[in-house]
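Notes follow once the structure below has been shown.
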Amino acid sequence: CILCFVFYVASVGNSAMIHLIRLDARLHTPMYFLLSQLSLMDLMHISTTVPKMVLNFFSGQKGISFLACGLQSFFFLTMACSEGLLLASMAYDRYVAICHPLHYPIRMSTRKCLKMIMGSWMLGSINSLAHTVYALHLPYCQSRAIDHFFCDVPAMLHLACVDTWVYEYMGFVSTGLFLLFPFLGITASYGRVLFAVYHMSSKEGRKKAFTTCSTHLTVVTFYYAPFVCTYLRPRSLRSPAEDKVLAVFYTILTPMLNPIIYSLRNTEVLGAMRRVFGMFSSIK
């Protein structure tokens, strides 16, 4: 089953990235602490949807309890919002490191890095809890067959027998706060970074900075583009089939591709892999 393979690759890749950063002392920097949190979020993100899909596939049953649906919705939204904020923090980290290197130890101290991480988790959880509680308290008097492969709140709203325009408006505002604004911040940060990289005198430094930034931009594009297309469009311009296709990117493909992108395009991560695997082989 393709889903089993994707889940296996994502689980192994993100778990390996977390342990690699934990074991290698050279990666104990704010940039890689943030990256380890991204891997943790991706691991939890894909674990929220894919195992249930695989279970449904092999069992032939497509049902899910009301409580399990609420939990799935909560964890999915938490990871989605938290990861958006974390990617903005990673962009800020690169901006300070390249544009203000002398101020980096102060602006990106361990304490501030931990505050960014905790803030991402807390804000994502609070926002997710509000959305989930609202969705679970709606009266569903029509069919309870969700036209999606997981309990996505917009797909659940189609089944409600009350007017949900208030929630749709608040959902639009929430998407702007947790996705659009961070994306604009990321764009502004990398605009400044690319301008600074272009004026670097060192060819080696310019190449290293460009490689690091292009890696982040690749991850950001894969993550934000499908989300923006799904949640910032009016419901009248969306279809369940399109929503499901776009959801495959941010729920399945992105968590699988992120550790691959960061490992293959980052010389420090590749060096850490050689050191750690070399240590393991010497132990054997």
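Identifiers in this document derive from the order of the structure tokens: chains are assigned A, B, ..., residues are numbered from 1 separately in each chain, and ligands are numbered from 1 in order of occurrence.
With only C-alpha atoms taken into account, the protein and nucleic acid residues at most 9 Å from Cys69 (chain A) (excluding it and anything under 3 positions from it in its own chain) are Ile64, Ser65, Phe66, Gln72, Ser73, Phe74, Leu136, Phe150, Cys151 and Asp152 of chain A.
Residues in contact with Ser125 (chain A) at 9 Å, where only C-alpha atoms are counted and same-chain residues fewer than 6 positions away are skipped, are listed as Phe74, Phe75, Leu77, Thr78, Met79, Cys81 and Ser82 of chain A.
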List every residue of region 231-256 of chain A that has an atom at most 9 Å from any atom of region 22-46 of chain A, giving for each one its closest atom pair and the distance in Å to one decimal, counting only C-alpha atoms, sorted by chain and then by ascending residue number, as CSV.
residue,atom,partner,partner_atom,distance
A:Tyr250,CA,A:His45,CA,8.9
A:Thr251,CA,A:Ile46,CA,5.8
A:Ile252,CA,A:Ile46,CA,5.9
A:Leu253,CA,A:Ile46,CA,8.9
A:Thr254,CA,A:Asp42,CA,7.9
A:Pro255,CA,A:Asp42,CA,4.7
A:Met256,CA,A:Asp42,CA,7.9
Can those selected residues be exported to a file as a short mmCIF file (atom, residue, chain, number, x, y, z; two decimals), in the first residue's frame so that it contains N, CA, C and O atoms?
data_model
loop_
_atom_site.label_atom_id
_atom_site.label_comp_id
_atom_site.auth_asym_id
_atom_site.auth_seq_id
_atom_site.Cartn_x
_atom_site.Cartn_y
_atom_site.Cartn_z
N TYR A 250 -0.51 18.82 2.24
CA TYR A 250 -0.09 19.28 3.57
C TYR A 250 -0.31 18.25 4.67
O TYR A 250 0.19 18.45 5.78
N THR A 251 -1.03 17.18 4.41
CA THR A 251 -1.20 16.15 5.44
C THR A 251 -0.32 14.93 5.23
O THR A 251 0.01 14.23 6.19
N ILE A 252 0.08 14.66 3.98
CA ILE A 252 0.82 13.43 3.68
C ILE A 252 2.17 13.70 3.04
O ILE A 252 3.21 13.26 3.54
N LEU A 253 2.18 14.44 1.93
CA LEU A 253 3.42 14.61 1.17
C LEU A 253 4.43 15.51 1.88
O LEU A 253 5.62 15.19 1.94
N THR A 254 3.96 16.64 2.42
CA THR A 254 4.89 17.57 3.08
C THR A 254 5.61 16.95 4.27
O THR A 254 6.83 17.08 4.39
N PRO A 255 4.91 16.25 5.20
CA PRO A 255 5.64 15.60 6.30
C PRO A 255 6.66 14.57 5.83
O PRO A 255 7.65 14.33 6.51
N MET A 256 6.42 13.95 4.67
CA MET A 256 7.37 12.98 4.15
C MET A 256 8.57 13.67 3.50
O MET A 256 9.72 13.24 3.65
#
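For the choices A:Pro226, A:Val54, A:Thr211, A:Met17, the atom-to-atom distance to Cys4 (chain A) is smallest for A:Val54 when using only C-alpha atoms.
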Residues of region 54-168 of chain A that approach region 179-190 of chain A to 6 Å or less, counting only C-alpha atoms: could you list each one with the shortest pair of atoms and its distance in Å to one decimal, rows by chain and increasing residue number, as JSON lines?
{"residue": "A:Gly84", "atom": "CA", "partner": "A:Leu179", "partner_atom": "CA", "distance": 5.9}
{"residue": "A:Ala88", "atom": "CA", "partner": "A:Pro182", "partner_atom": "CA", "distance": 5.4}
{"residue": "A:Ala91", "atom": "CA", "partner": "A:Ile186", "partner_atom": "CA", "distance": 5.5}
{"residue": "A:Tyr95", "atom": "CA", "partner": "A:Ser189", "partner_atom": "CA", "distance": 5.7}
Can you spit out the residues from that selection as a JSON list (two decimals), in the first residue's frame, using all heavy atoms?
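Writing the result to result.json gives the following:
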[["chain", "number", "residue", "atom", "x", "y", "z"],
["A", 84, "GLY", "N", 2.73, 26.53, 10.93],
["A", 84, "GLY", "CA", 2.78, 27.80, 10.23],
["A", 84, "GLY", "C", 3.56, 28.84, 11.01],
["A", 84, "GLY", "O", 4.39, 29.58, 10.45],
["A", 88, "ALA", "N", 7.53, 30.55, 10.34],
["A", 88, "ALA", "CA", 7.82, 31.98, 10.43],
["A", 88, "ALA", "C", 8.99, 32.24, 11.37],
["A", 88, "ALA", "O", 9.85, 33.09, 11.10],
["A", 88, "ALA", "CB", 6.58, 32.74, 10.89],
["A", 91, "ALA", "N", 12.15, 31.42, 9.56],
["A", 91, "ALA", "CA", 12.51, 32.47, 8.61],
["A", 91, "ALA", "C", 13.16, 33.64, 9.34],
["A", 91, "ALA", "O", 14.15, 34.23, 8.86],
["A", 91, "ALA", "CB", 11.27, 32.93, 7.86],
["A", 95, "TYR", "N", 16.90, 35.25, 8.88],
["A", 95, "TYR", "CA", 17.03, 36.68, 8.65],
["A", 95, "TYR", "C", 18.05, 37.31, 9.59],
["A", 95, "TYR", "O", 18.95, 38.05, 9.17],
["A", 95, "TYR", "CB", 15.66, 37.36, 8.81],
["A", 95, "TYR", "CG", 15.74, 38.85, 8.99],
["A", 95, "TYR", "CD1", 16.07, 39.70, 7.94],
["A", 95, "TYR", "CD2", 15.48, 39.42, 10.25],
["A", 95, "TYR", "CE1", 16.15, 41.07, 8.12],
["A", 95, "TYR", "CE2", 15.55, 40.78, 10.44],
["A", 95, "TYR", "CZ", 15.88, 41.61, 9.38],
["A", 95, "TYR", "OH", 15.96, 42.97, 9.56]]
Task: Ala145 (chain A) environment, 9 Å, only C-alpha atoms, sequence neighbours closer than 5 positions dropped, as a ChimeraX atom specification - done: /A:63,156,159
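Comparing the minimum interatomic distances between Arg206 (chain A) and each of A:Val173, A:Leu270, A:Leu129, A:Ile98, counting only C-alpha atoms, we find that A:Ile98 sits nearest.
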TODO: Could you please write out, as a PyMOL selection string, every residue of region 211-274 of chain A that DSSP assigns to alpha helix (DSSP H)?
DONE: chain A and resi 211-231+240-248+254-264+267-274
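Distances here use only C-alpha atoms; by that measure, the residue among A:Ala225, A:Ala272, A:Ile2, A:Leu85 closest to Leu177 (chain A) is A:Leu85.
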Task: Residue contacts of Leu246 (chain A) (10 Å, only C-alpha atoms) excluding same-chain residues fewer than 6 positions away, as a ChimeraX atom specification - done: /A:225-230,240
Open item on the list: Need the shell around Val9 (chain A): protein/DNA/RNA residues with any atom at most 10 Å away, counting only C-alpha atoms. Skip same-chain ones fewer than 4 positions apart. Format as a PyMOL selection string?
Closed with: chain A and resi 3-5+13-15+255-257+259-260
Task: Contacts of Cys99 (chain A) within 10 Å, only C-alpha atoms, excl. fewer than 6 positions in-chain, as number ranges by chain - done: A: 189, 192-197
